[in-house]
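Report on the following structure.
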Amino acid sequence: MGSIDTSMDYLPKEEVMAIWNRNVALTDEELLAMDEVEFRARVRERSHHTLEIQMYHAQHRNKKLSEKQADYTKRLLGLWEKRGLSKDLPEYKYASFLVESADKLARGEAVDLTPYKPTPVTKEMEDNFFTILKERRSVREFTDQDVPDEIIEKVLDAGLWAAHGCNVQSIKYVIVREKNEPGLFRGSDVPGGPIHLVICQDMRCYRANSFTPRRNQLLDAGAAGQNIVLAAHAAGLEGVWLTFPNEEFCDRLREKFNLPEYIRLVTYVDVGYGAQTPHPPLRWDVKDTILGRF
């Protein structure tokens, strides 16, 4: 497959359509031969664009769906089985749900989505959410108390549940305990935090939608980072969201962990049990930030 252009924020409409058509025109042989990471990302992205949106549109409006609407996703699932990939993986399970739902709508049957209805938000839940949101601080001093792996993984799981463009799911992590690699993060503008959570992206995933603007790709990582800092506070930790000051910093991490070229290091969050209580950095009033209301 071709390389990924991460320098261009926008493409002309005709070029976007050409890429779209090439995605659809890939042969079975090409799909079977491609890297598993890219193939799985294509199952997620193609199911989203060719079936998920249309299925939910038809279900919401009580419309009959075209009998052919699920054909491309069915083809991908057939290739999934030919590749011998597990049917327990999330892509296969979700795409199968979409196909089953689409077939019902094509027959004029209803799709019951009530089992997936979110838990009703109570006033207490709302208050708790906004408390977590507004009391999260950038904390730069930590105790020596160890953070259990299960809490770290819960926080990182929150990052995976962030919104992600076209569902290509590029987010990957590197976890570094400062005590195990002292000085590896030298050059940061804060003392070495007890745990460094590095947010990376597997750029092979964007081959599934290679006209995604670069800034949208970075927003995918930013959404994960926002979830992580909020989840850390909710889990009893504190942290600070940081950036890599230069390429030498990134190169040092890339070499240490033997990261391949398709892994992009985007940002990182230091977390641990906080040892300081910063004053809230006060914010503007909402009414002073609205540039237009029509």
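We label chains A, B, ... in the order they appear in the structure tokens, count residues from 1 in each chain, and number ligands from 1 in the order shown.
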
What's the 12 Å shell around Leu98 of chain A, counting only C-alpha atoms, without same-chain residues fewer than 3 positions away, as a PyMOL selection string? chain A and resi 43-44+46-56+59+69-74+77+91-95+101-105+111+113

Quick one: everything within 6 Å of Tyr173 of chain A, counting only C-alpha atoms, minus sequence neighbours fewer than 2 positions away in the same chain. Send it as a PDB file with N, CA and C atoms, in the first residue's frame.
```pdb
ATOM      1  N   VAL A 198       2.405   7.463  27.468  1.00  0.00           N
ATOM      2  CA  VAL A 198       2.678   8.032  26.155  1.00  0.00           C
ATOM      3  C   VAL A 198       1.558   7.640  25.194  1.00  0.00           C
ATOM      4  N   ILE A 199       0.944   8.638  24.578  1.00  0.00           N
ATOM      5  CA  ILE A 199      -0.136   8.398  23.629  1.00  0.00           C
ATOM      6  C   ILE A 199       0.457   8.392  22.224  1.00  0.00           C
ATOM      7  N   CYS A 200       0.335   7.266  21.568  1.00  0.00           N
ATOM      8  CA  CYS A 200       0.874   7.076  20.225  1.00  0.00           C
ATOM      9  C   CYS A 200      -0.269   6.786  19.253  1.00  0.00           C
TER      10      CYS A 200
END
```

What's the 8 Å shell around Val240 of chain A, counting only C-alpha atoms, without same-chain residues fewer than 2 positions away, as number ranges by chain? A: 137-140, 229, 238, 242, 269-271

How would the residues just picked look written out with C-alpha atoms as a PDB file, in the first residue's frame?
```pdb
ATOM      1  CA  ARG A 137      -5.888  20.046  37.974  1.00  0.00           C
ATOM      2  CA  SER A 138      -2.472  19.907  36.351  1.00  0.00           C
ATOM      3  CA  VAL A 139      -0.507  18.413  39.256  1.00  0.00           C
ATOM      4  CA  ARG A 140       3.291  18.307  39.035  1.00  0.00           C
ATOM      5  CA  VAL A 229      -6.662  13.100  32.406  1.00  0.00           C
ATOM      6  CA  GLU A 238      -3.675  13.332  39.543  1.00  0.00           C
ATOM      7  CA  LEU A 242       2.661  17.272  28.562  1.00  0.00           C
ATOM      8  CA  VAL A 269       0.455  12.361  30.463  1.00  0.00           C
ATOM      9  CA  ASP A 270       2.276  11.968  33.787  1.00  0.00           C
ATOM     10  CA  VAL A 271       0.081  10.462  36.501  1.00  0.00           C
TER      11      VAL A 271
END
```

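Take the candidates A:Pro194, A:Leu218, A:Leu184, A:Ala25 and check each one against Pro148 of chain A using only C-alpha atoms; the shortest distance goes to A:Pro194.
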
Apply DSSP to the backbone of this structure and, from segment 8-189 of chain A, keep only the residues in alpha helix (DSSP H); write these as a PyMOL selection string. chain A and resi 13-25+28-33+36-47+53-60+71-83+90-106+123-135+149-160

Rounded to one decimal, what separation in Å do you get between atom CA of Val286 of chain A and atom CA of Asp127 of chain A? 18.7 Å

I want to know what sits within 8 Å of segment 163-168 of chain A, based on only C-alpha atoms, with residues of the same chain fewer than 2 positions away left out; could you give that as a PyMOL selection string? chain A and resi 41-42+44-45+48-49+161+170+205-206+208-209+216-217+220+223-224

Atom pair atom CA of Tyr262 of chain A / atom CA of Gln201 of chain A: separation (Å): 8.1 Å

Write out as a ChimeraX atom specification the set of residues from segment 104-285 of chain A that DSSP, computed on the backbone, places in strand (DSSP E). /A:171-177,195-202,238-242,263-272
